[in-house]
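Undergrad: Structure supplied as start_30.cif; contents: mmCIF, C-alpha atoms.
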data_target
#
loop_
_atom_site.label_atom_id
_atom_site.label_comp_id
_atom_site.auth_asym_id
_atom_site.auth_seq_id
_atom_site.Cartn_x
_atom_site.Cartn_y
_atom_site.Cartn_z
CA MET A 257 -154.82 139.70 -78.16
CA GLY A 258 -154.22 139.58 -81.92
CA LYS A 259 -157.20 140.27 -84.10
CA PHE A 260 -159.26 141.63 -81.21
CA ASN A 261 -156.92 144.55 -80.81
CA PHE A 262 -159.51 146.97 -82.09
CA ILE A 263 -161.76 146.20 -79.17
CA TRP A 264 -159.20 146.05 -76.35
CA LEU A 265 -158.09 149.38 -75.01
CA SER A 266 -154.82 150.14 -73.30
CA CYS A 267 -155.07 151.61 -69.79
CA LYS A 268 -153.84 154.92 -71.15
CA LYS A 269 -156.70 155.12 -73.63
CA ALA A 270 -159.23 153.73 -71.18
CA THR A 271 -158.51 156.42 -68.57
CA TYR A 272 -158.76 159.06 -71.28
CA LEU A 273 -162.21 157.74 -72.20
CA ILE A 274 -163.20 157.71 -68.51
CA SER A 275 -162.40 161.42 -68.35
CA LYS A 276 -164.06 162.13 -71.68
CA LYS A 277 -167.20 160.29 -70.63
CA GLU A 278 -167.76 162.81 -67.83
CA GLU A 279 -167.93 165.56 -70.41
CA ALA A 280 -169.31 164.11 -73.61
CA LYS A 281 -171.10 161.15 -75.05
CA LEU A 282 -168.78 158.38 -76.16
CA SER A 283 -169.27 156.76 -79.54
CA ARG A 284 -170.86 153.32 -79.49
CA LEU A 285 -167.52 151.65 -80.14
CA GLU A 286 -165.83 153.67 -77.40
CA SER A 287 -168.56 152.72 -74.92
CA VAL A 288 -168.19 149.02 -75.71
CA GLN A 289 -164.41 149.25 -75.51
CA LEU A 290 -164.52 151.04 -72.18
CA ARG A 291 -167.06 148.67 -70.67
CA MET A 292 -164.95 145.67 -71.68
CA HIS A 293 -161.81 147.24 -70.32
CA LEU A 294 -163.42 148.12 -67.00
CA GLY A 295 -164.71 144.55 -66.80
CA ILE A 296 -161.18 143.28 -66.43
CA CYS A 297 -159.03 146.14 -65.16
CA GLY A 298 -158.97 146.89 -61.43
CA PHE A 299 -156.60 149.84 -61.76
CA CYS A 300 -158.81 151.69 -64.22
CA ASN A 301 -161.87 150.97 -62.06
CA ARG A 302 -160.08 152.61 -59.17
CA PHE A 303 -159.12 155.53 -61.37
CA GLN A 304 -162.77 156.05 -62.26
CA LYS A 305 -164.06 155.84 -58.67
CA GLN A 306 -161.30 157.97 -57.18
CA THR A 307 -161.45 160.75 -59.77
CA ARG A 308 -165.24 160.91 -59.48
CA PHE A 309 -164.87 161.10 -55.73
CA PHE A 310 -162.62 164.14 -55.64
CA THR A 311 -164.16 166.01 -58.56
CA ASN A 312 -167.51 165.83 -56.76
CA LYS A 313 -165.92 167.35 -53.67
CA ALA A 314 -164.20 170.21 -55.49
CA LEU A 315 -167.37 172.29 -55.59
CA HIS A 316 -167.27 172.66 -51.81
CA LEU A 317 -163.57 173.35 -51.46
CA HIS A 318 -163.92 177.03 -50.60
CA ASN A 319 -166.19 176.19 -47.64
CA HIS A 320 -163.41 174.20 -46.05
CA ILE A 321 -160.45 176.49 -46.26
CA GLU A 322 -160.36 179.80 -44.46
CA PRO A 323 -157.90 182.25 -45.93
CA LYS A 324 -158.34 185.80 -44.63
CA LEU A 325 -157.79 189.00 -46.48
CA SER A 326 -155.11 191.09 -44.79
CA ASP A 327 -156.24 194.09 -42.72
CA GLU A 328 -154.06 196.39 -44.83
CA LYS A 329 -155.83 195.29 -47.96
CA LYS A 330 -159.21 195.78 -46.32
CA GLU A 331 -158.29 199.35 -45.35
CA GLU A 332 -157.04 200.00 -48.86
CA ILE A 333 -160.34 198.80 -50.31
CA LYS A 334 -162.35 200.91 -47.88
CA LEU A 335 -160.35 203.98 -48.88
CA SER A 336 -160.89 203.30 -52.57
CA LEU A 337 -164.67 203.20 -52.14
CA LYS A 338 -165.28 206.92 -52.01
CA ASP A 339 -167.27 209.12 -54.28
CA MET B 54 -183.14 190.41 -43.24
CA GLU B 55 -180.24 192.68 -42.70
CA GLU B 56 -178.97 191.82 -46.16
CA GLN B 57 -181.97 193.45 -47.72
CA LEU B 58 -181.18 196.80 -46.17
CA LEU B 59 -179.18 198.43 -48.89
CA SER B 60 -176.94 200.48 -46.76
CA PHE B 61 -174.23 200.98 -49.40
CA ASN B 62 -171.93 201.50 -46.54
CA PRO B 63 -168.54 200.56 -48.00
CA ASN B 64 -166.89 200.02 -44.63
CA LYS B 65 -169.61 197.63 -43.63
CA TRP B 66 -169.41 195.85 -46.99
CA VAL B 67 -165.74 195.16 -46.53
CA GLU B 68 -166.23 193.95 -42.96
CA LEU B 69 -169.10 191.69 -43.94
CA TYR B 70 -167.97 190.24 -47.25
CA ALA B 71 -164.26 190.76 -47.93
CA ASP B 72 -163.05 187.57 -46.24
CA ALA B 73 -165.79 185.44 -47.77
CA LEU B 74 -165.15 186.77 -51.28
CA TYR B 75 -161.43 186.28 -50.80
CA ALA B 76 -161.91 182.70 -49.56
CA TYR B 77 -164.07 182.09 -52.60
CA THR B 78 -161.59 183.62 -55.04
CA LEU B 79 -158.21 182.40 -53.79
CA PRO B 80 -158.66 178.66 -54.43
CA ARG B 81 -159.97 179.49 -57.88
CA VAL B 82 -157.20 181.77 -59.13
CA ASN B 83 -154.47 180.33 -56.93
CA ASP B 84 -152.50 183.54 -56.67
CA VAL B 85 -152.68 185.84 -53.63
CA GLN B 86 -152.02 189.00 -55.62
CA ALA B 87 -154.59 188.16 -58.29
CA ALA B 88 -157.18 187.16 -55.67
CA GLU B 89 -156.71 190.41 -53.74
CA ASP B 90 -157.07 192.43 -56.94
CA ILE B 91 -160.23 190.57 -57.89
CA VAL B 92 -161.81 191.21 -54.49
CA GLN B 93 -160.86 194.87 -54.61
CA ASN B 94 -162.20 195.25 -58.15
CA THR B 95 -165.40 193.49 -57.14
CA PHE B 96 -166.04 196.12 -54.47
CA LEU B 97 -165.05 198.92 -56.84
CA SER B 98 -167.38 197.71 -59.59
CA ALA B 99 -170.19 197.24 -57.09
CA TRP B 100 -169.61 200.68 -55.66
CA LYS B 101 -169.70 202.30 -59.10
CA ALA B 102 -172.79 200.33 -60.09
CA ARG B 103 -174.67 200.82 -56.82
CA ALA B 104 -177.17 203.15 -58.46
CA THR B 105 -178.23 200.39 -60.86
CA TYR B 106 -178.67 197.79 -58.14
CA ARG B 107 -182.38 197.10 -57.89
CA GLY B 108 -182.33 194.66 -55.05
CA GLN B 109 -183.46 191.61 -57.06
CA ALA B 110 -180.70 189.61 -55.43
CA SER B 111 -179.42 189.97 -51.91
CA GLU B 112 -176.47 192.26 -51.53
CA LYS B 113 -174.29 189.24 -50.86
CA ASN B 114 -175.38 187.35 -53.99
CA TRP B 115 -174.97 190.49 -56.04
CA LEU B 116 -171.36 190.84 -54.89
CA TYR B 117 -170.69 187.15 -55.57
CA ALA B 118 -172.07 187.50 -59.11
CA ILE B 119 -169.74 190.40 -59.79
CA CYS B 120 -166.85 188.48 -58.27
CA LYS B 121 -167.55 185.41 -60.42
CA ASN B 122 -167.42 187.54 -63.56
CA LYS B 123 -164.08 188.98 -62.49
CA ILE B 124 -162.73 185.46 -61.99
CA ILE B 125 -163.88 184.38 -65.46
CA ASP B 126 -162.26 187.51 -66.94
CA HIS B 127 -159.05 186.57 -65.18
CA PHE B 128 -159.16 183.09 -66.74
CA ARG B 129 -159.87 184.51 -70.17
CA LYS B 130 -156.85 186.81 -69.99
CA GLN B 131 -154.68 184.02 -68.67
CA SER B 132 -155.46 181.67 -71.55
CA THR B 133 -154.62 184.14 -74.32
CA GLY B 134 -152.16 182.57 -76.72
CA PHE B 135 -152.39 179.14 -75.16
CA LYS B 136 -151.18 176.23 -77.28
CA LEU B 137 -151.45 172.60 -76.22
CA ILE B 138 -148.08 170.96 -76.59
CA PRO B 139 -147.32 167.26 -76.24
CA THR B 140 -145.66 167.26 -72.85
CA GLY B 141 -145.23 163.56 -72.25
CA GLU B 142 -146.98 164.07 -68.92
CA GLU B 143 -149.03 160.92 -69.42
CA GLU B 144 -145.79 158.95 -69.62
CA LEU B 145 -145.31 159.55 -65.91
CA TYR B 146 -148.21 157.16 -65.41
CA PHE B 147 -148.10 154.79 -68.38
CA ASP B 148 -145.27 152.75 -69.90
CA GLU B 149 -144.48 152.20 -73.60
CA SER B 150 -147.18 149.56 -73.92
CA GLU B 151 -149.64 152.06 -72.34
CA HIS B 152 -150.13 150.04 -69.17
CA TRP B 153 -150.03 151.64 -65.75
CA ARG B 154 -146.50 151.92 -64.44
CA THR B 155 -146.19 149.86 -61.26
CA GLU B 156 -145.40 152.90 -59.10
CA ALA B 157 -148.18 154.98 -60.64
CA ALA B 158 -151.03 152.46 -60.75
CA PRO B 159 -154.03 153.47 -58.60
CA ARG B 160 -153.91 151.80 -55.18
CA ASP B 161 -156.74 150.90 -52.88
CA TRP B 162 -157.50 154.04 -50.85
CA GLY B 163 -159.26 152.05 -48.16
CA VAL B 164 -161.91 154.73 -47.71
CA SER B 165 -165.53 154.53 -48.69
CA MET B 166 -166.20 156.66 -51.75
CA ASN B 167 -169.84 157.04 -50.81
CA GLN B 168 -169.34 158.53 -47.37
CA PRO B 169 -169.31 162.29 -46.99
CA VAL B 170 -165.83 163.48 -46.19
CA GLU B 171 -165.83 166.34 -43.77
CA SER B 172 -162.21 166.16 -42.96
CA LYS B 173 -160.32 169.40 -43.21
CA GLU B 174 -157.29 167.36 -44.12
CA PHE B 175 -158.88 166.14 -47.32
CA TYR B 176 -159.82 169.61 -48.50
CA SER B 177 -156.54 171.23 -47.60
CA THR B 178 -154.69 168.44 -49.44
CA LEU B 179 -156.97 168.84 -52.46
CA HIS B 180 -156.25 172.57 -52.36
CA LYS B 181 -152.49 172.03 -52.23
CA CYS B 182 -152.57 169.41 -54.99
CA LYS B 183 -154.64 171.68 -57.18
CA GLN B 184 -152.14 174.49 -56.68
CA LYS B 185 -149.42 172.28 -58.13
CA LEU B 186 -151.22 171.95 -61.46
CA LYS B 187 -150.01 174.02 -64.38
CA ASP B 188 -151.98 177.24 -64.93
CA ILE B 189 -154.21 176.18 -67.77
CA GLN B 190 -154.90 172.71 -66.34
CA GLN B 191 -155.87 174.31 -63.11
CA THR B 192 -158.09 176.80 -64.88
CA VAL B 193 -160.09 174.15 -66.73
CA PHE B 194 -160.39 172.08 -63.56
CA VAL B 195 -161.63 175.06 -61.56
CA MET B 196 -164.08 176.17 -64.23
CA LYS B 197 -165.51 172.71 -64.66
CA TYR B 198 -165.55 171.36 -61.12
CA MET B 199 -165.63 174.45 -58.93
CA GLU B 200 -167.49 176.99 -61.10
CA ASP B 201 -169.66 174.35 -62.73
CA VAL B 202 -169.34 175.91 -66.20
CA GLU B 203 -170.38 173.72 -69.17
CA SER B 204 -167.43 172.35 -71.14
CA ASP B 205 -168.36 174.00 -74.45
CA GLU B 206 -168.68 177.30 -72.61
CA ILE B 207 -165.21 176.78 -71.13
CA CYS B 208 -163.77 176.13 -74.60
CA LYS B 209 -165.35 179.31 -75.90
CA LEU B 210 -164.13 181.44 -73.00
CA LEU B 211 -160.59 180.08 -73.13
CA ASN B 212 -160.55 179.82 -76.90
CA ILE B 213 -159.43 176.18 -76.95
CA THR B 214 -160.74 173.20 -78.90
CA MET B 215 -162.86 170.52 -77.27
CA SER B 216 -160.18 167.87 -77.74
CA ASN B 217 -157.57 170.13 -76.12
CA TYR B 218 -159.99 170.60 -73.28
CA TRP B 219 -160.38 166.83 -72.77
CA VAL B 220 -156.64 166.35 -72.71
CA LEU B 221 -156.17 169.17 -70.18
CA ILE B 222 -158.89 167.99 -67.83
CA HIS B 223 -157.63 164.42 -68.09
CA ARG B 224 -154.06 165.40 -67.25
CA ALA B 225 -155.36 167.42 -64.30
CA LYS B 226 -157.20 164.34 -63.00
CA LEU B 227 -154.17 162.07 -63.43
CA HIS B 228 -152.01 164.49 -61.42
CA LEU B 229 -154.60 165.21 -58.74
CA ARG B 230 -155.40 161.55 -58.18
CA LYS B 231 -151.75 160.68 -57.71
CA CYS B 232 -151.13 163.68 -55.48
CA LEU B 233 -154.11 162.84 -53.22
CA GLU B 234 -153.04 159.21 -53.01
CA LYS B 235 -149.61 160.28 -51.86
CA ASN B 236 -150.46 163.17 -49.57
CA TRP B 237 -153.96 162.45 -48.29
CA ILE B 238 -154.03 158.66 -48.14
CA GLY B 239 -150.31 158.50 -47.49
CA LEU B 240 -149.43 155.81 -50.01
CA GLY B 241 -146.28 155.93 -52.09
#
If you took the structure in this file and wrote it as structure tokens, what would it be?

TA:
Amino acid sequence: MGKFNFIWLSCKKATYLISKKEEAKLSRLESVQLRMHLGICGFCNRFQKQTRFFTNKALHLHNHIEPKLSDEKKEEIKLSLKD
Amino acid sequence: MEEQLLSFNPNKWVELYADALYAYTLPRVNDVQAAEDIVQNTFLSAWKARATYRGQASEKNWLYAICKNKIIDHFRKQSTGFKLIPTGEEELYFDESEHWRTEAAPRDWGVSMNQPVESKEFYSTLHKCKQKLKDIQQTVFVMKYMEDVESDEICKLLNITMSNYWVLIHRAKLHLRKCLEKNWIGLG
């Protein structure tokens, strides 16, 4: 890719920018670089879609698992709540 | 409106809320002992502070608010003295020329990303994969995506720099994605 190296990102850097983009504004150069990379790279497109997918679900995780506090612990807590 | 009746009956509190608070806490701190302690301390703090409770929030929301603070305190303690070291973790996924390694490159999951997923299997796999993350990676992931704390707030609480934070959250995503692909989708 020769003299265009500055504009072409590696997949390693592109995925890092995908993660960073969720948290912060990318610089103008970074945005252009990422857009160009995503225009040609199927793997990094998948990375973006799949990570978005599961991070959006994480908020609801506790509604879908049902651990129970042991009865012993519950009794212990009840006993500790005395004046 | 039973919640509004401020019974301050500790036995009833425990029966009503202990399991829910525990289910809320465990996936966040990922440690049975720590989660039990947090739930117990939540009830203790609430019990001691019951005189100051004015009923602005429901009893349940009040307990959750106390519990959330205990969880954040736990994270803060856990991150003391943390230093980000170059671990080479990214090299599991990328080769020397920084391309995806063949065995690590994202595969087609064959599921629609826009459909709601109600499957228990997905969430229990996500839970297991999350548990495999290293402590601090897991903490930033939980704070950001489960507690919905702003990233600069997370950096302040954990006393880490923003660029360390980006690296940690990125590593967490790389690991989680791969783990879900393997154990939920069943590829590789």

Undergrad: Could you work out how far atom CA of B:Leu229 lies from atom CA of B:Cys182, giving the answer in Å with one decimal?

TA: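 Rounded to one decimal, the two atoms are 6.0 Å apart.
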
Undergrad: For B:Thr95, work out the shell of residues within 7 Å, counting all atoms listed in the file and skipping chain neighbours fewer than 2 positions away, then give it as a compact mmCIF listing (two decimals) with C-alpha atoms, in the frame of the given file.

TA:
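Here's the written file around.txt:
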# COMPACT_ATOMS: atom_id res chain seq x y z
CA ILE B 91 -160.23 190.57 -57.89
CA VAL B 92 -161.81 191.21 -54.49
CA GLN B 93 -160.86 194.87 -54.61
CA LEU B 97 -165.05 198.92 -56.84
CA SER B 98 -167.38 197.71 -59.59
CA ALA B 99 -170.19 197.24 -57.09
CA LEU B 116 -171.36 190.84 -54.89
CA ILE B 119 -169.74 190.40 -59.79
CA CYS B 120 -166.85 188.48 -58.27

Undergrad: Give as a list in words the residues that the PyMOL selection byres ((chain B) within 6 of (chain A)) matches when applied to the coordinates above.

TA: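 Applying the expression gives Asn64, Asp72, Ala76, Tyr77, Gln93, Glu151, His152, Pro159, Tyr198, Met199 and His223 of chain B.
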
Undergrad: What is the atom CA of B:Leu137 to atom CA of B:Leu221 distance in Å?

TA: 8.4 Å

Undergrad: What is the atom CA of B:Lys113-atom CA of B:Tyr70 distance in Å, reported with one decimal?

TA: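 Spanning atom CA of B:Lys113 to atom CA of B:Tyr70 is a straight-line distance of 7.3 Å.
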
Undergrad: Which residues would end up in the selection if the PyMOL selection byres ((chain B and resi 66) around 10) were applied here, given that I need the answer as a PDB file with C-alpha atoms, in the coordinates of the input?

TA:
ATOM      1  CA  LYS A 334    -162.350 200.910 -47.880  1.00  0.00           C
TER       2      LYS A 334
ATOM      3  CA  SER B  60    -176.940 200.480 -46.760  1.00  0.00           C
ATOM      4  CA  PHE B  61    -174.230 200.980 -49.400  1.00  0.00           C
ATOM      5  CA  ASN B  62    -171.930 201.500 -46.540  1.00  0.00           C
ATOM      6  CA  PRO B  63    -168.540 200.560 -48.000  1.00  0.00           C
ATOM      7  CA  ASN B  64    -166.890 200.020 -44.630  1.00  0.00           C
ATOM      8  CA  LYS B  65    -169.610 197.630 -43.630  1.00  0.00           C
ATOM      9  CA  VAL B  67    -165.740 195.160 -46.530  1.00  0.00           C
ATOM     10  CA  GLU B  68    -166.230 193.950 -42.960  1.00  0.00           C
ATOM     11  CA  LEU B  69    -169.100 191.690 -43.940  1.00  0.00           C
ATOM     12  CA  TYR B  70    -167.970 190.240 -47.250  1.00  0.00           C
ATOM     13  CA  ALA B  71    -164.260 190.760 -47.930  1.00  0.00           C
ATOM     14  CA  PHE B  96    -166.040 196.120 -54.470  1.00  0.00           C
ATOM     15  CA  TRP B 100    -169.610 200.680 -55.660  1.00  0.00           C
ATOM     16  CA  GLU B 112    -176.470 192.260 -51.530  1.00  0.00           C
ATOM     17  CA  LYS B 113    -174.290 189.240 -50.860  1.00  0.00           C
ATOM     18  CA  LEU B 116    -171.360 190.840 -54.890  1.00  0.00           C
TER      19      LEU B 116
END
